[in-house]
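*Asks:* Submitted below is the structure of interest, expressed as structure tokens.
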Amino acid sequence: MHLFSYIRNNDYLCSAKKPIMPKLKDGFQGEQSIILPPMIIDMEEHDPLVSSLYITDIGFYPMAEHHYRSRKEGIDQYVLIYCVDGQGWYRMGDKEYQVERNQYFILPAGVPHSYGARQGQRWTIYWVHFKGMHASIYAEGAQKPQSVNVAINSHISERNNIFEEILSTLHFGHEIEDLRYASSLLHYYLASLRYLRQWRRMPLQTDVVEAAIHFMQENIERRITLQDVTRYVGFSSSHFSALFKKKTGTSPLAYFNHMKIEHACQMLKFTDLQINQICYRLGFEDSLYFSRLFSKTMGVSPTTYRQQTNFLNNQTKNNQHEKEHL
């Protein structure tokens with residue numbers, strides 16, 4: 001009989017023979033989450049508008065390694081998990097499902113379940129717990145993985161912006177008007193998944209460069225390669241790169257990085273996300289590399305850019321205030 005010594009350190013349980021992988025509920029670099037207190041949930045339940053569909057918990061986990069949740073008794077909320085990168089899995093009863101990038105699923109209320117990142121993988125997920133009289137309508141048919149693949153008319157970035165708006169709203173306030181606005185946005189967000197065909201109605205683009213830029217925008221939160229783009233548009237790398245540079249004046253990946261930095265500027269201006277949260281949100285794994293790229297593109301560091309932007313915004317507000325009192 002062999003004896004093994006065990007050491008516990010930061011949720012890792014290691015043995016001399018084989019390490020046991022950690023199981024983490026949260027605590028990931030760059031994560032965001034909001035857990036509404038019971039008093040606020042009670043307000044939602046009793047409001048005639050919000051009670052139709054309301055949030056109890058909501059969050060975003062970027063590149064979450066060793067993520068794992070298990071609820072043996074189930075919970076009284078529906079749980080949406082939308083994987084935008086990486087791979088994961090979930091289990092209900094004796095059935096287990098694998099989840100790929102650009103797939104979502106909704107766990108029904110009251111059903112025991114577990115889910116997590118696939119072993120050896122990290123997944124980036126948007127998640128929300130929701131309830132309400134109309135919650136079951138949006139969950140219908142989503143117990144199995146549902147694909148939301150990138151297409152010319154996919155509007156993925158627009159959907160993600162709706163989620164960001166919900167997070168921002170609940171972060172800054174829990175007044176009844178905030179809750180009603182968040183509820184209305186949740187209707188729109190879930191409808192964009194439940195009624196995917198209607199959400200995607202729009203004229204198709206035919207210009208290959210515009211189609212590639214759309215693909216980049218839809219994948220702004222991921223790391224993509226030139227091969228990913230050329231596979232999407234159906235051109236060889238050399239021919240596509242020549243077409244792209246002729247129209248835009250730069251290479252596809254340089255253009256994509258510039259798009260990411262522009263997106264970072266908007267987050268620095270209009271959100272209170274920490275710089276490392278913005279870094280992970282845009283698919284950068286190295287915050288130092290992100291800061292160097294930002295500084296090279298904008299001429300200042302992300303911290304300085306935010307300070308300058310805040311100063312200009314405050315100066316504008318002060319000038320407007322002075323004019324009102326002239």
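Labels used: A, B, ... for chains in the order of the structure tokens, numbers from 1 for residues in each chain, and numbers from 1 for ligands as shown.
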Under the rule of at most 6 Å, produce a per-residue listing of segment 228-298 of chain A near segment 30-48 of chain A: chain, number, name, the closest pair of atoms, and the distance in Å, as a tab-separated table, using only C-alpha atoms.
*Replies:*
residue	atom	partner	partner_atom	distance
A:Asn276	CA	A:Gly30	CA	5.8
A:Gln277	CA	A:Gly30	CA	3.9
A:Tyr280	CA	A:Gly30	CA	5.8
*Asks:* Let's have the selection written as a compact mmCIF listing (two decimals), in the first residue's frame, with C-alpha atoms.
*Replies:*
# COMPACT_ATOMS: atom_id res chain seq x y z
CA ASN A 276 -7.26 44.42 -16.90
CA GLN A 277 -11.00 43.74 -17.31
CA TYR A 280 -9.49 40.30 -21.07
*Asks:* Can you tell me, as a short mmCIF file (atom, residue, chain, number, x, y, z; two decimals) with N, CA and C atoms, in the first residue's frame, which residues in segment 59-245 of chain A count as strand (DSSP E) by DSSP?
*Replies:*
data_model
loop_
_atom_site.label_atom_id
_atom_site.label_comp_id
_atom_site.auth_asym_id
_atom_site.auth_seq_id
_atom_site.Cartn_x
_atom_site.Cartn_y
_atom_site.Cartn_z
N GLY A 59 -23.37 38.00 -15.03
CA GLY A 59 -21.93 38.19 -15.05
C GLY A 59 -21.26 37.79 -16.34
N PHE A 60 -19.96 38.00 -16.36
CA PHE A 60 -19.10 37.69 -17.51
C PHE A 60 -17.80 37.12 -16.97
N TYR A 61 -17.41 35.93 -17.43
CA TYR A 61 -16.16 35.30 -17.02
C TYR A 61 -15.27 35.11 -18.25
N PRO A 62 -14.16 35.84 -18.35
CA PRO A 62 -13.26 35.67 -19.50
C PRO A 62 -12.21 34.60 -19.25
N MET A 63 -12.03 33.73 -20.24
CA MET A 63 -10.96 32.72 -20.20
C MET A 63 -10.92 32.00 -18.85
N ALA A 64 -12.07 31.51 -18.42
CA ALA A 64 -12.22 30.89 -17.10
C ALA A 64 -11.73 29.44 -17.13
N GLU A 65 -10.57 29.23 -16.53
CA GLU A 65 -10.00 27.89 -16.46
C GLU A 65 -10.42 27.23 -15.15
N TYR A 68 -16.23 25.55 -12.54
CA TYR A 68 -17.11 24.40 -12.24
C TYR A 68 -18.20 24.84 -11.27
N ARG A 69 -19.44 24.45 -11.57
CA ARG A 69 -20.56 24.69 -10.66
C ARG A 69 -21.43 23.43 -10.62
N SER A 70 -21.89 23.09 -9.43
CA SER A 70 -22.77 21.95 -9.27
C SER A 70 -23.88 22.31 -8.29
N ARG A 71 -25.13 22.07 -8.69
CA ARG A 71 -26.28 22.34 -7.83
C ARG A 71 -27.13 21.07 -7.79
N TYR A 78 -33.94 30.20 -13.98
CA TYR A 78 -33.35 29.69 -15.21
C TYR A 78 -31.91 30.23 -15.30
N VAL A 79 -31.03 29.43 -15.88
CA VAL A 79 -29.61 29.83 -16.00
C VAL A 79 -29.19 29.78 -17.46
N LEU A 80 -28.86 30.94 -18.00
CA LEU A 80 -28.33 31.02 -19.36
C LEU A 80 -26.82 31.08 -19.32
N ILE A 81 -26.17 30.24 -20.10
CA ILE A 81 -24.72 30.28 -20.30
C ILE A 81 -24.48 30.45 -21.80
N TYR A 82 -23.80 31.51 -22.17
CA TYR A 82 -23.49 31.79 -23.58
C TYR A 82 -21.98 31.79 -23.74
N CYS A 83 -21.45 30.77 -24.40
CA CYS A 83 -20.01 30.60 -24.58
C CYS A 83 -19.57 31.31 -25.86
N VAL A 84 -18.73 32.33 -25.72
CA VAL A 84 -18.26 33.07 -26.89
C VAL A 84 -16.84 32.66 -27.29
N ASP A 85 -16.18 31.87 -26.44
CA ASP A 85 -14.86 31.37 -26.78
C ASP A 85 -14.53 30.18 -25.87
N GLY A 88 -16.79 24.01 -23.13
CA GLY A 88 -17.27 23.63 -21.82
C GLY A 88 -18.22 22.45 -21.91
N TRP A 89 -18.92 22.21 -20.85
CA TRP A 89 -19.86 21.09 -20.78
C TRP A 89 -20.93 21.41 -19.74
N TYR A 90 -22.04 20.67 -19.77
CA TYR A 90 -23.03 20.75 -18.69
C TYR A 90 -23.78 19.42 -18.61
N ARG A 91 -24.34 19.19 -17.44
CA ARG A 91 -25.01 17.92 -17.18
C ARG A 91 -26.35 18.17 -16.50
N MET A 92 -27.37 17.51 -16.99
CA MET A 92 -28.69 17.50 -16.35
C MET A 92 -29.13 16.06 -16.23
N LYS A 95 -27.76 13.05 -18.50
CA LYS A 95 -27.33 13.51 -19.82
C LYS A 95 -26.26 14.59 -19.70
N GLU A 96 -25.20 14.42 -20.47
CA GLU A 96 -24.13 15.41 -20.50
C GLU A 96 -23.97 15.94 -21.91
N TYR A 97 -23.77 17.26 -22.03
CA TYR A 97 -23.65 17.91 -23.32
C TYR A 97 -22.32 18.65 -23.39
N GLN A 98 -21.72 18.69 -24.57
CA GLN A 98 -20.50 19.45 -24.81
C GLN A 98 -20.86 20.79 -25.45
N VAL A 99 -20.17 21.83 -25.04
CA VAL A 99 -20.46 23.18 -25.51
C VAL A 99 -19.25 23.74 -26.24
N GLN A 103 -21.99 28.96 -28.79
CA GLN A 103 -23.17 28.18 -28.42
C GLN A 103 -23.67 28.64 -27.06
N TYR A 104 -24.97 28.49 -26.85
CA TYR A 104 -25.56 28.81 -25.55
C TYR A 104 -26.53 27.70 -25.16
N PHE A 105 -26.87 27.67 -23.90
CA PHE A 105 -27.90 26.76 -23.40
C PHE A 105 -28.57 27.43 -22.21
N ILE A 106 -29.78 26.98 -21.90
CA ILE A 106 -30.53 27.50 -20.76
C ILE A 106 -30.96 26.33 -19.89
N LEU A 107 -30.50 26.33 -18.64
CA LEU A 107 -30.86 25.29 -17.69
C LEU A 107 -32.21 25.64 -17.06
N HIS A 113 -28.23 20.26 -11.70
CA HIS A 113 -27.34 20.41 -12.86
C HIS A 113 -25.92 20.71 -12.41
N SER A 114 -25.01 20.59 -13.35
CA SER A 114 -23.62 21.01 -13.15
C SER A 114 -23.08 21.44 -14.49
N TYR A 115 -22.05 22.30 -14.47
CA TYR A 115 -21.45 22.77 -15.71
C TYR A 115 -20.06 23.31 -15.42
N GLY A 116 -19.27 23.47 -16.47
CA GLY A 116 -17.93 24.00 -16.28
C GLY A 116 -17.14 24.03 -17.57
N ALA A 117 -15.92 24.56 -17.48
CA ALA A 117 -15.00 24.56 -18.61
C ALA A 117 -14.51 23.13 -18.84
N ARG A 122 -10.17 26.62 -21.40
CA ARG A 122 -10.76 27.78 -20.75
C ARG A 122 -11.94 28.23 -21.59
N TRP A 123 -12.99 28.66 -20.94
CA TRP A 123 -14.09 29.19 -21.73
C TRP A 123 -14.42 30.61 -21.28
N THR A 124 -14.90 31.41 -22.23
CA THR A 124 -15.34 32.77 -21.96
C THR A 124 -16.85 32.79 -22.09
N ILE A 125 -17.52 33.18 -21.01
CA ILE A 125 -18.98 33.04 -21.00
C ILE A 125 -19.66 34.30 -20.48
N TYR A 126 -20.81 34.60 -21.08
CA TYR A 126 -21.80 35.49 -20.50
C TYR A 126 -22.81 34.60 -19.78
N TRP A 127 -23.23 35.01 -18.60
CA TRP A 127 -24.20 34.18 -17.88
C TRP A 127 -25.21 35.06 -17.14
N VAL A 128 -26.41 34.54 -17.01
CA VAL A 128 -27.45 35.28 -16.30
C VAL A 128 -28.45 34.30 -15.70
N HIS A 129 -28.85 34.57 -14.46
CA HIS A 129 -29.93 33.84 -13.81
C HIS A 129 -31.18 34.71 -13.90
N PHE A 130 -32.28 34.15 -14.36
CA PHE A 130 -33.47 34.97 -14.53
C PHE A 130 -34.74 34.20 -14.15
N LYS A 131 -35.77 34.96 -13.82
CA LYS A 131 -37.06 34.41 -13.42
C LYS A 131 -38.15 35.27 -14.06
N GLN A 146 -27.40 25.47 -28.35
CA GLN A 146 -27.91 26.19 -29.51
C GLN A 146 -26.76 27.00 -30.13
N SER A 147 -26.58 26.88 -31.43
CA SER A 147 -25.47 27.54 -32.10
C SER A 147 -25.85 28.95 -32.55
#
*Asks:* If we count only C-alpha atoms and set the cut-off at 6 Å, which residues sit around segment 165-169 of chain A, ignoring sequence neighbours fewer than 3 positions away in its own chain? Please answer as a list in words.
*Replies:* Ile162, Phe172 and Ala182 of chain A
*Asks:* Put those residues in a file: C-alpha atoms, as an mmCIF file, in the first residue's frame.
*Replies:*
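Okay, out_28.cif is ready:
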data_model
loop_
_atom_site.group_PDB
_atom_site.id
_atom_site.type_symbol
_atom_site.label_atom_id
_atom_site.label_comp_id
_atom_site.auth_asym_id
_atom_site.auth_seq_id
_atom_site.Cartn_x
_atom_site.Cartn_y
_atom_site.Cartn_z
ATOM 1 C CA ILE A 162 -27.101 44.769 -24.914
ATOM 2 C CA PHE A 172 -24.954 51.919 -11.162
ATOM 3 C CA ALA A 182 -32.780 46.071 -17.204
#
*Asks:* Near Thr230 of chain A, counting only C-alpha atoms, which residues have an atom at most 12 Å away, once you skip same-chain residues fewer than 5 positions from it, shown as a PyMOL selection string?
*Replies:* chain A and resi 208-209+211-213+215-216+224-225+235-244+252-253
*Asks:* Keeping only C-alpha atoms, take the residues you just selected and write them out as a short mmCIF file (atom, residue, chain, number, x, y, z; two decimals), in the first residue's frame.
*Replies:*
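Output file part_22.cif is given in full below:
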data_model
loop_
_atom_site.label_atom_id
_atom_site.label_comp_id
_atom_site.auth_asym_id
_atom_site.auth_seq_id
_atom_site.Cartn_x
_atom_site.Cartn_y
_atom_site.Cartn_z
CA VAL A 208 -15.43 40.78 -49.44
CA VAL A 209 -13.54 43.44 -47.44
CA ALA A 211 -17.65 41.08 -45.01
CA ALA A 212 -14.22 40.54 -43.43
CA ILE A 213 -14.56 43.70 -41.32
CA PHE A 215 -16.40 39.14 -39.18
CA MET A 216 -13.75 41.01 -37.18
CA ILE A 224 -8.47 35.36 -34.46
CA THR A 225 -5.88 34.61 -37.12
CA PHE A 235 -10.20 33.64 -50.36
CA SER A 236 -6.55 32.66 -50.25
CA SER A 237 -4.47 34.55 -47.67
CA SER A 238 -2.27 36.31 -50.24
CA HIS A 239 -5.12 37.39 -52.53
CA PHE A 240 -7.32 38.53 -49.65
CA SER A 241 -4.49 40.45 -47.94
CA ALA A 242 -3.77 42.30 -51.17
CA LEU A 243 -7.46 43.21 -51.63
CA PHE A 244 -7.79 44.27 -48.01
CA PRO A 252 -6.12 42.62 -41.92
CA LEU A 253 -4.63 41.87 -38.50
#
*Asks:* Could you check how far atom CA of Pro108 of chain A sits from atom CA of Gln143 of chain A, in Å to one decimal?
*Replies:*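 According to the coordinates, atom CA of Pro108 of chain A and atom CA of Gln143 of chain A are separated by 7.3 Å.
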*Asks:* Could you pull the residues within 12 Å of Tyr181 of chain A, counting only C-alpha atoms, minus those fewer than 2 positions along the same chain, as a JSON list (two decimals) with N, CA and C atoms, in the first residue's frame?
*Replies:*
[["chain", "number", "residue", "atom", "x", "y", "z"],
["A", 44, "GLU", "N", -38.48, 43.38, -7.67],
["A", 44, "GLU", "CA", -38.72, 42.88, -9.03],
["A", 44, "GLU", "C", -39.96, 41.99, -9.09],
["A", 49, "LEU", "N", -44.44, 45.42, -14.18],
["A", 49, "LEU", "CA", -43.67, 45.31, -15.42],
["A", 49, "LEU", "C", -42.52, 44.33, -15.28],
["A", 50, "VAL", "N", -41.71, 44.50, -14.25],
["A", 50, "VAL", "CA", -40.48, 43.72, -14.10],
["A", 50, "VAL", "C", -40.77, 42.25, -13.81],
["A", 53, "LEU", "N", -40.21, 39.34, -16.36],
["A", 53, "LEU", "CA", -38.88, 38.79, -16.65],
["A", 53, "LEU", "C", -37.85, 39.62, -15.89],
["A", 54, "TYR", "N", -37.11, 38.99, -14.99],
["A", 54, "TYR", "CA", -36.17, 39.76, -14.20],
["A", 54, "TYR", "C", -34.93, 38.95, -13.85],
["A", 55, "ILE", "N", -33.88, 39.68, -13.52],
["A", 55, "ILE", "CA", -32.55, 39.12, -13.26],
["A", 55, "ILE", "C", -32.33, 38.97, -11.77],
["A", 162, "ILE", "N", -25.90, 44.78, -25.75],
["A", 162, "ILE", "CA", -27.10, 44.77, -24.91],
["A", 162, "ILE", "C", -26.77, 44.20, -23.54],
["A", 165, "GLU", "N", -24.96, 46.68, -21.50],
["A", 165, "GLU", "CA", -25.85, 47.72, -21.00],
["A", 165, "GLU", "C", -26.62, 47.25, -19.76],
["A", 166, "ILE", "N", -27.00, 45.97, -19.75],
["A", 166, "ILE", "CA", -27.67, 45.42, -18.56],
["A", 166, "ILE", "C", -26.73, 45.46, -17.37],
["A", 167, "LEU", "N", -25.50, 44.98, -17.57],
["A", 167, "LEU", "CA", -24.51, 44.99, -16.50],
["A", 167, "LEU", "C", -24.27, 46.40, -15.97],
["A", 168, "SER", "N", -24.10, 47.33, -16.88],
["A", 168, "SER", "CA", -23.84, 48.71, -16.49],
["A", 168, "SER", "C", -25.01, 49.30, -15.72],
["A", 169, "THR", "N", -26.22, 49.03, -16.17],
["A", 169, "THR", "CA", -27.41, 49.55, -15.51],
["A", 169, "THR", "C", -27.52, 49.06, -14.07],
["A", 170, "LEU", "N", -27.34, 47.76, -13.88],
["A", 170, "LEU", "CA", -27.47, 47.19, -12.54],
["A", 170, "LEU", "C", -26.27, 47.52, -11.65],
["A", 173, "GLY", "N", -27.22, 51.33, -10.43],
["A", 173, "GLY", "CA", -28.44, 51.63, -9.68],
["A", 173, "GLY", "C", -29.40, 50.48, -9.56],
["A", 174, "HIS", "N", -30.16, 50.48, -8.45],
["A", 174, "HIS", "CA", -31.18, 49.46, -8.21],
["A", 174, "HIS", "C", -32.53, 50.10, -7.93],
["A", 175, "GLU", "N", -32.73, 51.32, -8.43],
["A", 175, "GLU", "CA", -34.05, 51.93, -8.32],
["A", 175, "GLU", "C", -35.02, 51.20, -9.25],
["A", 176, "ILE", "N", -36.31, 51.41, -9.05],
["A", 176, "ILE", "CA", -37.29, 50.69, -9.85],
["A", 176, "ILE", "C", -37.14, 50.99, -11.33],
["A", 177, "GLU", "N", -36.75, 52.23, -11.68],
["A", 177, "GLU", "CA", -36.55, 52.56, -13.09],
["A", 177, "GLU", "C", -35.37, 51.79, -13.67],
["A", 178, "ASP", "N", -34.32, 51.60, -12.87],
["A", 178, "ASP", "CA", -33.18, 50.79, -13.31],
["A", 178, "ASP", "C", -33.61, 49.35, -13.57],
["A", 179, "LEU", "N", -34.40, 48.82, -12.67],
["A", 179, "LEU", "CA", -34.84, 47.42, -12.78],
["A", 179, "LEU", "C", -35.76, 47.24, -13.98],
["A", 183, "SER", "N", -34.91, 44.90, -17.15],
["A", 183, "SER", "CA", -35.87, 43.87, -17.55],
["A", 183, "SER", "C", -36.20, 43.99, -19.03],
["A", 184, "SER", "N", -36.41, 45.22, -19.49],
["A", 184, "SER", "CA", -36.72, 45.44, -20.91],
["A", 184, "SER", "C", -35.56, 45.00, -21.80],
["A", 185, "LEU", "N", -34.34, 45.32, -21.36],
["A", 185, "LEU", "CA", -33.16, 44.90, -22.11],
["A", 185, "LEU", "C", -33.02, 43.38, -22.13],
["A", 186, "LEU", "N", -33.35, 42.74, -21.02],
["A", 186, "LEU", "CA", -33.26, 41.28, -20.96],
["A", 186, "LEU", "C", -34.24, 40.64, -21.94],
["A", 187, "HIS", "N", -35.45, 41.19, -22.04],
["A", 187, "HIS", "CA", -36.40, 40.71, -23.05],
["A", 187, "HIS", "C", -35.75, 40.76, -24.43],
["A", 188, "TYR", "N", -35.13, 41.89, -24.74],
["A", 188, "TYR", "CA", -34.52, 42.07, -26.06],
["A", 188, "TYR", "C", -33.36, 41.11, -26.26]]
*Asks:* Could you tell me, as a VMD selection string, which residues of segment 82-261 of chain A DSSP assigns to helix (DSSP H, G or I) when given the backbone?
*Replies:* chain A and resid 135 to 139 156 to 172 176 to 194 196 to 199 208 to 218 226 to 233 237 to 248 252 to 261
*Asks:* Quick one: residues within 6 Å of Ser52 of chain A, only C-alpha atoms, excluding same-chain residues fewer than 2 positions away - as a list in words?
*Replies:*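 Listed by chain and then number, they are Val50, Gly132, Met133 and His134 of chain A.
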*Asks:* I need the chosen residues saved as a tab-separated table (two decimals), in the first residue's frame, with N, CA and C atoms.
*Replies:*
chain	number	residue	atom	x	y	z
A	50	VAL	N	-41.71	44.50	-14.25
A	50	VAL	CA	-40.48	43.72	-14.10
A	50	VAL	C	-40.77	42.25	-13.81
A	132	GLY	N	-39.41	34.93	-13.75
A	132	GLY	CA	-40.52	35.75	-14.21
A	132	GLY	C	-41.58	34.94	-14.94
A	133	MET	N	-42.73	35.56	-15.11
A	133	MET	CA	-43.87	34.89	-15.73
A	133	MET	C	-43.58	34.45	-17.17
A	134	HIS	N	-42.72	35.17	-17.87
A	134	HIS	CA	-42.42	34.86	-19.26
A	134	HIS	C	-41.07	34.18	-19.45
*Asks:* Rounded to one decimal in Å, what is the spacing between atom CA of Leu190 of chain A and atom CA of Gln87 of chain A?
*Replies:*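 Computing it gives 21.5 Å between the two atoms.
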*Asks:* Work out how far apart atom CA of Leu273 of chain A and atom CA of Phe163 of chain A are and give it in Å to one decimal.
*Replies:*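 Distance between the two atoms: 14.4 Å.
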*Asks:* What's around Glu73 of chain A at 8 Å? Count only C-alpha atoms, leave out sequence neighbours fewer than 3 positions away in its own chain, and write the answer as a VMD selection string.
*Replies:* chain A and resid 110 to 112
*Asks:* Next, the residues of the selection above should be written as an mmCIF file, in the first residue's frame with C-alpha atoms.
*Replies:*
data_model
loop_
_atom_site.group_PDB
_atom_site.id
_atom_site.type_symbol
_atom_site.label_atom_id
_atom_site.label_comp_id
_atom_site.auth_asym_id
_atom_site.auth_seq_id
_atom_site.Cartn_x
_atom_site.Cartn_y
_atom_site.Cartn_z
ATOM 1 C CA GLY A 110 -35.712 23.381 -10.332
ATOM 2 C CA VAL A 111 -33.548 20.813 -12.142
ATOM 3 C CA PRO A 112 -30.265 19.543 -10.618
#
